[in-house]
Amino acid sequence: MSTSHHDHGHMDPPRVQEVADGAYAYIQPDGTWWINNTGFLVGPEGVVAIDGCATENRTRAFIDTVAKYSDAPIRTLINTHHHGDHTNGNYLFDTATIVAHERTRAEILAYGLMDVEPIWPGVGWGDLRPVAPFLTYTDGVTVYAGDLRAQVRHFGAAHTSNDSVVWLEEQGVLYTGDLIFNGGTPFLLMGSPAGYLEVLEKIKGLGATTLVPGHGEVCGPEQIDYAIGYTNFLLETARKGREAGLDPLSVARETDLGEYAALSDSERIVGNLHRAYAELGGVERAGTIDIYGALGDMVTFNDGKPLSCYA
Ligand SMILES: [Zn+2]
């Protein structure tokens with residue numbers, strides 16, 4: 001079966017949603033490939049930003065928007081993980097200390113700007129320059145914007161090797177990064193299905209009432225259970241496929257995604273199966289596999305057409 005294509009014809013502009021006093025989500029419709037959400041926390045002496053955007057234009061628009069909410073500079077930028085939609089704009093935050101997990105830094109230093117033109121052609125990226133976080137942690141760090149206390153926590157490999165959440169415990173608000181795609185297919189090609197299940201249980205245990213996902217609309221904790229459901233479905237599909245001696249692309253082609261077919265970017269099943277196969281075969285969590293080969297299989301699955309990117 002082929003991937004379901006969503007109609008991107010009209011996309012609303014990004015918008016700001018207040019999720020607690022002084023805490024905001026910056027939501028970029030429609031949340032598909034490369035179109036991520038960011039956030040910001042406003043304190044009297046400065047702003048804490050949570051992630052930048054994929055392109056120069058989108059990141060500049062985000063920074064300009066923040067300036068409407070505070071005259072103070074963005075003093076801290078937290079990267080929730082290394083993926084380019086969240087970090088390509090790092091170089092534009094020239095007043096900020098960029099904070100992230102130590103492996104976020106390592107990934108950006110190792111790979112810089114990935115050449116994604118064969119997979120997502122024709123994107124107006126702008127004049128990007130990779131900038132790695134330069135204040136790093138292993139398990140977490142606590143950042144303040146005035147009285148707002150933000151616990152930045154890494155719970156293990158999941159969507160990538162280096163995901164962090166930003167947890168406003170007092171407000172019950174959790175910025176999840178790409179641990180949650182509300183309305184989109186979870187993506188584990190560079191992470192770990194087994195790790196993802198563990199991390200989802202841990203973030204569920206935080207007891208957040210409001211989630212700002214990495215993509216899609218602000219939501220509640222039910223989206224954590226939904227992601228757990230998808231991952232169990234993925235692992236079951238991978239186990240059966242391996243036993244049948246089928247490669248990930250073949251399995252993806254014969255799999256009925258059921259309720260998950262309605263999620264955007266459903267071709268991610270192919271990359272997810274590649275990662276699940278590797279892990280079932282003994283590759284360590286978020287260990288090295290052929291990422292470009294898997295992305296190529298996703299294009300093949302998509303009738304040989306490059307993947308959609310509306311960034
Ligand atoms: Zn990501």
# chains A, B, ... in the order shown; residues from 1 in each chain; ligands from 1
call {"tool": "closest_atom_pairs", "arguments": {"of": "chain A", "to": "ligand 1", "cutoff": "10 Å", "atoms": "only C-alpha atoms and all ligand atoms", "output": "Markdown table"}}
result
| residue | atom | partner | partner_atom_place_in_ligand_line | distance |
| --- | --- | --- | --- | --- |
| A:Trp33 | CA | ligand 1 | 1 (Zn) | 9.2 |
| A:Trp34 | CA | ligand 1 | 1 (Zn) | 8.3 |
| A:Asn36 | CA | ligand 1 | 1 (Zn) | 8.4 |
| A:Thr80 | CA | ligand 1 | 1 (Zn) | 8.5 |
| A:His81 | CA | ligand 1 | 1 (Zn) | 6.7 |
| A:His82 | CA | ligand 1 | 1 (Zn) | 7.3 |
| A:His83 | CA | ligand 1 | 1 (Zn) | 4.9 |
| A:Gly84 | CA | ligand 1 | 1 (Zn) | 7.6 |
| A:Asp85 | CA | ligand 1 | 1 (Zn) | 7.0 |
| A:His86 | CA | ligand 1 | 1 (Zn) | 7.1 |
| A:Thr87 | CA | ligand 1 | 1 (Zn) | 9.7 |
| A:His159 | CA | ligand 1 | 1 (Zn) | 6.7 |
| A:Thr160 | CA | ligand 1 | 1 (Zn) | 7.2 |
| A:Asp163 | CA | ligand 1 | 1 (Zn) | 8.6 |
| A:Gly177 | CA | ligand 1 | 1 (Zn) | 7.3 |
| A:Asp178 | CA | ligand 1 | 1 (Zn) | 5.0 |
| A:Leu179 | CA | ligand 1 | 1 (Zn) | 8.0 |
| A:Ile180 | CA | ligand 1 | 1 (Zn) | 9.5 |
| A:Phe181 | CA | ligand 1 | 1 (Zn) | 9.3 |
| A:Pro186 | CA | ligand 1 | 1 (Zn) | 9.4 |
| A:Phe187 | CA | ligand 1 | 1 (Zn) | 7.5 |
| A:Leu188 | CA | ligand 1 | 1 (Zn) | 8.9 |
| A:Leu189 | CA | ligand 1 | 1 (Zn) | 9.9 |
| A:Met190 | CA | ligand 1 | 1 (Zn) | 8.9 |
| A:Gly191 | CA | ligand 1 | 1 (Zn) | 9.7 |
| A:Gly214 | CA | ligand 1 | 1 (Zn) | 7.5 |
| A:His215 | CA | ligand 1 | 1 (Zn) | 9.0 |
call {"tool": "write_last_selection", "arguments": {"atoms": "C-alpha atoms", "output": "PDB file, in the first residue's frame"}}
result
ATOM      1  CA  TRP A  33       7.981  16.777   8.032  1.00  0.00           C
ATOM      2  CA  TRP A  34      10.290  19.588   9.207  1.00  0.00           C
ATOM      3  CA  ASN A  36       7.997  21.736  14.203  1.00  0.00           C
ATOM      4  CA  THR A  80      15.121  19.118  22.742  1.00  0.00           C
ATOM      5  CA  HIS A  81      17.233  16.942  20.367  1.00  0.00           C
ATOM      6  CA  HIS A  82      19.603  17.300  17.425  1.00  0.00           C
ATOM      7  CA  HIS A  83      17.173  17.072  14.482  1.00  0.00           C
ATOM      8  CA  GLY A  84      17.503  19.937  12.035  1.00  0.00           C
ATOM      9  CA  ASP A  85      13.928  21.144  12.287  1.00  0.00           C
ATOM     10  CA  HIS A  86      14.664  21.938  15.940  1.00  0.00           C
ATOM     11  CA  THR A  87      18.292  23.087  15.602  1.00  0.00           C
ATOM     12  CA  HIS A 159      13.011   9.342  19.215  1.00  0.00           C
ATOM     13  CA  THR A 160      16.785   9.901  18.999  1.00  0.00           C
ATOM     14  CA  ASP A 163      15.823  13.610  23.574  1.00  0.00           C
ATOM     15  CA  GLY A 177      10.034  17.667  21.793  1.00  0.00           C
ATOM     16  CA  ASP A 178       9.533  14.901  19.248  1.00  0.00           C
ATOM     17  CA  LEU A 179       8.618  12.291  21.823  1.00  0.00           C
ATOM     18  CA  ILE A 180       5.098  13.246  20.760  1.00  0.00           C
ATOM     19  CA  PHE A 181       3.814  14.023  17.248  1.00  0.00           C
ATOM     20  CA  PRO A 186       6.027   8.620  15.640  1.00  0.00           C
ATOM     21  CA  PHE A 187       9.511   8.464  14.117  1.00  0.00           C
ATOM     22  CA  LEU A 188      12.144   6.173  15.598  1.00  0.00           C
ATOM     23  CA  LEU A 189      14.631   5.648  12.757  1.00  0.00           C
ATOM     24  CA  MET A 190      17.393   7.412  14.704  1.00  0.00           C
ATOM     25  CA  GLY A 191      16.224   6.284  18.137  1.00  0.00           C
ATOM     26  CA  GLY A 214       7.226  18.603  18.876  1.00  0.00           C
ATOM     27  CA  HIS A 215       4.699  18.670  16.046  1.00  0.00           C
TER      28      HIS A 215
END
call {"tool": "residues_around", "arguments": {"residues": "region 253-264 of chain A", "least_positions_apart": "2", "cutoff": "10 Å", "atoms": "only C-alpha atoms", "output": "PyMOL selection string"}}
result
chain A and resi 1-6+30-33+181-186+226+229-230+233-234+237+241+248-251+266-270+301
call {"tool": "select_by_dssp", "arguments": {"residues": "region 22-120 of chain A", "states": "helix (DSSP H, G or I)", "output": "ChimeraX atom specification"}}
result
/A:56-69,84-92,102-111
call {"tool": "write_last_selection", "arguments": {"atoms": "C-alpha atoms", "output": "compact mmCIF listing (two decimals), in the first residue's frame"}}
result
# COMPACT_ATOMS: atom_id res chain seq x y z
CA GLU A 56 16.13 30.61 8.30
CA ASN A 57 12.80 32.29 7.54
CA ARG A 58 10.83 30.24 10.03
CA THR A 59 13.38 30.78 12.79
CA ARG A 60 13.51 34.54 12.13
CA ALA A 61 9.71 34.64 12.30
CA PHE A 62 9.79 32.80 15.63
CA ILE A 63 12.40 35.16 17.10
CA ASP A 64 10.42 38.19 15.86
CA THR A 65 7.30 36.79 17.51
CA VAL A 66 9.05 36.29 20.84
CA ALA A 67 10.08 39.95 20.73
CA LYS A 68 6.37 40.89 20.77
CA TYR A 69 6.03 39.18 24.16
CA GLY A 84 17.50 19.94 12.03
CA ASP A 85 13.93 21.14 12.29
CA HIS A 86 14.66 21.94 15.94
CA THR A 87 18.29 23.09 15.60
CA ASN A 88 18.96 24.47 12.11
CA GLY A 89 18.08 27.92 13.41
CA ASN A 90 20.51 27.79 16.37
CA TYR A 91 22.91 30.22 14.69
CA LEU A 92 20.27 32.98 14.76
CA GLU A 102 25.73 16.17 25.46
CA ARG A 103 24.82 13.86 22.58
CA THR A 104 22.79 16.63 20.93
CA ARG A 105 26.05 18.54 20.70
CA ALA A 106 27.94 15.46 19.50
CA GLU A 107 25.39 14.72 16.75
CA ILE A 108 25.43 18.28 15.43
CA LEU A 109 29.23 18.40 15.48
CA ALA A 110 29.47 15.02 13.74
CA TYR A 111 26.88 15.52 11.03
call {"tool": "select_by_dssp", "arguments": {"residues": "region 161-268 of chain A", "states": "strand (DSSP E or B)", "output": "list in words"}}
result
Val165, Val166, Trp167, Leu168, Val173, Leu174, Tyr175, Thr176, Gly177, Asp178, Leu179, Ile180, Phe181, Gly184, Thr210, Leu211, Val212, Pro213, Gly214, His215, Cys219 and Ser264 of chain A
call {"tool": "residues_around", "arguments": {"residues": "Tyr175 (chain A)", "least_positions_apart": "6", "cutoff": "8 Å", "atoms": "only C-alpha atoms", "output": "PDB file with C-alpha atoms, in the first residue's frame"}}
result
ATOM      1  CA  GLY A  39       8.174  27.276  22.877  1.00  0.00           C
ATOM      2  CA  VAL A 165      11.700  17.223  27.737  1.00  0.00           C
ATOM      3  CA  VAL A 166      11.126  20.556  29.440  1.00  0.00           C
ATOM      4  CA  TRP A 167       8.918  20.046  32.476  1.00  0.00           C
ATOM      5  CA  LEU A 211       1.615  18.710  26.471  1.00  0.00           C
ATOM      6  CA  VAL A 212       3.338  20.881  23.886  1.00  0.00           C
ATOM      7  CA  PRO A 213       4.308  18.261  21.295  1.00  0.00           C
ATOM      8  CA  GLY A 214       7.226  18.603  18.876  1.00  0.00           C
TER       9      GLY A 214
END
